[in-house]
Amino acid sequence: MDLADIARRFGTPAYVVDEDAVRARCRDYLAALPSVTVAYAGKAFLTQAMASWVAEEGLSLDVCSGGELTLARSVGFPESRIIFHGNAKTPAELRDAVGVGRVVIDNVAEIHRLAALVPVGLRQDVYLRVTPGIEAGGHAAIRTGSEGQKFGIPLTELSDAVGRVLSQPELRLAGLHCHIGSQITSVAPFEEAAKVMVDQLAMVRERFATTVPELDLGGGHGVAYLDDEHGLDLGHFGTAVPKVVAERCRRLRVPEPRLVVEPGRAVVAAAGVTLYRVISVKRQGGRTFVAVDGGMSDNPRPALYGARYSVAVPGRSGEPVTIVGRHCEAGDVIAENVAAGDARPGDLVVVRVTGAYHHAMGSSYNLTCRPPVVAVRGGTARLIVRREEPADLMRRDVGR
Ligand SMILES: Cc1ncc(COP(=O)(O)O)c(C=O)c1O
Ligand SMILES: N[C@@H](CCCC[NH3+])C(=O)O
C-alpha cells in the first residue's frame, strides 16, 4: 500500500501494521513448531485487533498484567490458552488471573497466595519460572535468565518450590518455565537453556516421583532491524531445540514434555512501520538534524537500548543526516546517518521494523498525544487504535 496515502488519510505520526504479515508469521511459527504450543507474548504489541488475529490463528497468549488480561478477555480470547506472567503480580491481579490456562509463579511467596485464592473444587495449573543461569539477549537491560536479576526462582531453590506447589491441593504443577532474554539471534543459548531445564524435570521426577508434563522455554526470538542483520532462524530453532529436549529426556529417562514458546517481537516487529513528517531541518555543529513530529514518546528504544533502525525519506538522498524527535532531550534521536541531505519540511519519513515494543512502550511525554495504529490488509487500511487527543490527556487530570 502507498504509505504516503496512509499518512495523508490518518495523519502522522502513525504506526502501521500489516495484518497479513502478522497472520503469516503466526502460521510460520505453527508450521516450524508443529508439536509445540506457541503463545504470542502480548507485551510486544497488544490491541483488541491483534488479540483477535492471534486467537483466530490458533496461538496461545502470554499476558503479564491485569491490563493485558482485561484486553484479552474483552475479545473473548479462550481462557485455557492464556498464560499469566509477572514478577510482582498484585493481589488483585492474582485473584483476577485464577481460571486462566496457566499462571507462571515467579517466587515462593506467590505459591501460597495463589493457592488461597483458588475456589473450592477447582485446581489452577501453574508453571514455576526458573532462572537457568544462562545469559543471552541484545542488551543488558533485556537479559533475564542469569542469576543476579529479578526474575524467577534460582536453580538451588527450585526443589523447595516444587515441594510447596505439590503440597497445595489447589495447584497442579503443569510445567517449568524459563525466559533467558530478548532479541536473541542464535539458537545455541536456547539449546543450553533447554538442557538445564530438562535436568530440572529429571530432578523433580527423582525427588518427588512426579512427571512435569510441560516445558515453557519463553520467548526472546530476535529479528533483523537493519538490512545487514539476521534474526533467529526459526527453521533451525524448530528442528534443533525439540531434538535437544528429546535426546536429553531419553538420556535421563524422563518422559518428553510438551514444549511451549512465547515469541513476542518475532511475531510482529517486521510487520510494522512508523510514519512521521519532517517538521524542521537544521544545520549546526557540522551536522544536519532532520526533526520529525514524533520521537522518544512513540519509540523509546534508541534511548533505552541504543537501538538502531533503517529509515527512509522517500524521494530524498544525499548527505547523511540525523533524524531526531520533537522531545526536550538531546538523546531523542531516531537514527543517525540517513542519506537524506535534501530533506525538506513536510517530507514523509518511514522507520521500519517498529511493530514490536513501540506502540506498547509509547508514552505521552511532554503531553504529546500517542499515535494511532492503522492496520492494512488486502489493499485497504483501517484504524484499530485512534490517535490520542489532548482531551484524553486532560480527562485523567482531575485538577485541584
Ligand atoms: C516471560 C516472557 N515471555 C516472553 C517474552 C517475549 O519476548 P520477545 O518479545 O523477546 O520474544 C518476554 C519478554 O522478553 C518475557 O519476559
Ligand atoms: N522492550 C524490550 C524487550 C523487552 C522484552 C520484555 N521481556 C525491547 O524493546 O527490546
# chains A, B, ... in the order shown; residues from 1 in each chain; ligands from 1
$ residues_around --residues "Ala31 (chain A)" --least-positions-apart "4" --cutoff "12 Å" --atoms "only C-alpha atoms" --output "list of chain:residue names"
A:Ala24, A:Arg25, A:Cys26, A:Arg27, A:Ser35, A:Val36, A:Thr37, A:Val38, A:Glu57, A:Gly58, A:Leu59, A:Leu234, A:Gly235, A:Gly238, A:Thr239
$ residues_near_ligand --ligand "ligand 1" --cutoff "6 Å" --atoms "only C-alpha atoms and all ligand atoms" --output "list in words"
Ala41, Ala44, His179, Gly181, Ser182, Gln183, Gly218, Gly219, Gly220, His221, Glu262, Pro263, Gly264 and Arg265 of chain A
$ atom_distance --atom1 "CA of Asp227 (chain A)" --atom2 "CA of Gly306 (chain A)"
17.1 Å
$ closest_residue --among "A:Val16, A:Ala49, A:Ala266, A:Val385" --to "ligand 2" --atoms "only C-alpha atoms and all ligand atoms"
A:Ala266
$ residues_around --residues "Ile384 (chain A)" --least-positions-apart "6" --cutoff "7 Å" --atoms "only C-alpha atoms" --output "JSON, numbers by chain"
{"A": [49, 373, 374, 375]}
$ decode --residues "region 183-197 of chain A" --atoms "N, CA and C atoms" --output "PDB file, in the first residue's frame"
ATOM      1  N   GLN A 183      15.622 -10.502  22.058  1.00  0.00           N
ATOM      2  CA  GLN A 183      16.446 -10.165  20.877  1.00  0.00           C
ATOM      3  C   GLN A 183      17.680 -11.079  20.819  1.00  0.00           C
ATOM      4  N   ILE A 184      17.422 -12.391  20.931  1.00  0.00           N
ATOM      5  CA  ILE A 184      18.476 -13.403  20.837  1.00  0.00           C
ATOM      6  C   ILE A 184      18.474 -13.918  19.388  1.00  0.00           C
ATOM      7  N   THR A 185      19.617 -13.863  18.730  1.00  0.00           N
ATOM      8  CA  THR A 185      19.627 -14.182  17.296  1.00  0.00           C
ATOM      9  C   THR A 185      20.290 -15.526  16.972  1.00  0.00           C
ATOM     10  N   SER A 186      20.754 -16.265  17.981  1.00  0.00           N
ATOM     11  CA  SER A 186      21.285 -17.597  17.674  1.00  0.00           C
ATOM     12  C   SER A 186      20.563 -18.652  18.516  1.00  0.00           C
ATOM     13  N   VAL A 187      20.565 -19.888  17.997  1.00  0.00           N
ATOM     14  CA  VAL A 187      19.796 -20.972  18.623  1.00  0.00           C
ATOM     15  C   VAL A 187      20.525 -21.536  19.850  1.00  0.00           C
ATOM     16  N   ALA A 188      21.850 -21.425  19.855  1.00  0.00           N
ATOM     17  CA  ALA A 188      22.652 -22.086  20.897  1.00  0.00           C
ATOM     18  C   ALA A 188      22.197 -21.782  22.342  1.00  0.00           C
ATOM     19  N   PRO A 189      21.938 -20.511  22.709  1.00  0.00           N
ATOM     20  CA  PRO A 189      21.529 -20.278  24.102  1.00  0.00           C
ATOM     21  C   PRO A 189      20.218 -20.982  24.464  1.00  0.00           C
ATOM     22  N   PHE A 190      19.330 -21.144  23.471  1.00  0.00           N
ATOM     23  CA  PHE A 190      18.077 -21.855  23.745  1.00  0.00           C
ATOM     24  C   PHE A 190      18.340 -23.346  23.973  1.00  0.00           C
ATOM     25  N   GLU A 191      19.300 -23.877  23.202  1.00  0.00           N
ATOM     26  CA  GLU A 191      19.651 -25.300  23.398  1.00  0.00           C
ATOM     27  C   GLU A 191      20.238 -25.493  24.801  1.00  0.00           C
ATOM     28  N   GLU A 192      21.087 -24.550  25.200  1.00  0.00           N
ATOM     29  CA  GLU A 192      21.687 -24.633  26.539  1.00  0.00           C
ATOM     30  C   GLU A 192      20.602 -24.581  27.608  1.00  0.00           C
ATOM     31  N   ALA A 193      19.695 -23.625  27.447  1.00  0.00           N
ATOM     32  CA  ALA A 193      18.617 -23.478  28.434  1.00  0.00           C
ATOM     33  C   ALA A 193      17.764 -24.745  28.471  1.00  0.00           C
ATOM     34  N   ALA A 194      17.489 -25.295  27.285  1.00  0.00           N
ATOM     35  CA  ALA A 194      16.647 -26.494  27.217  1.00  0.00           C
ATOM     36  C   ALA A 194      17.297 -27.640  28.012  1.00  0.00           C
ATOM     37  N   LYS A 195      18.622 -27.770  27.888  1.00  0.00           N
ATOM     38  CA  LYS A 195      19.310 -28.848  28.619  1.00  0.00           C
ATOM     39  C   LYS A 195      19.176 -28.652  30.128  1.00  0.00           C
ATOM     40  N   VAL A 196      19.435 -27.409  30.561  1.00  0.00           N
ATOM     41  CA  VAL A 196      19.341 -27.129  32.004  1.00  0.00           C
ATOM     42  C   VAL A 196      17.932 -27.445  32.503  1.00  0.00           C
ATOM     43  N   MET A 197      16.938 -27.097  31.697  1.00  0.00           N
ATOM     44  CA  MET A 197      15.561 -27.288  32.138  1.00  0.00           C
ATOM     45  C   MET A 197      15.173 -28.768  32.149  1.00  0.00           C
TER      46      MET A 197
END
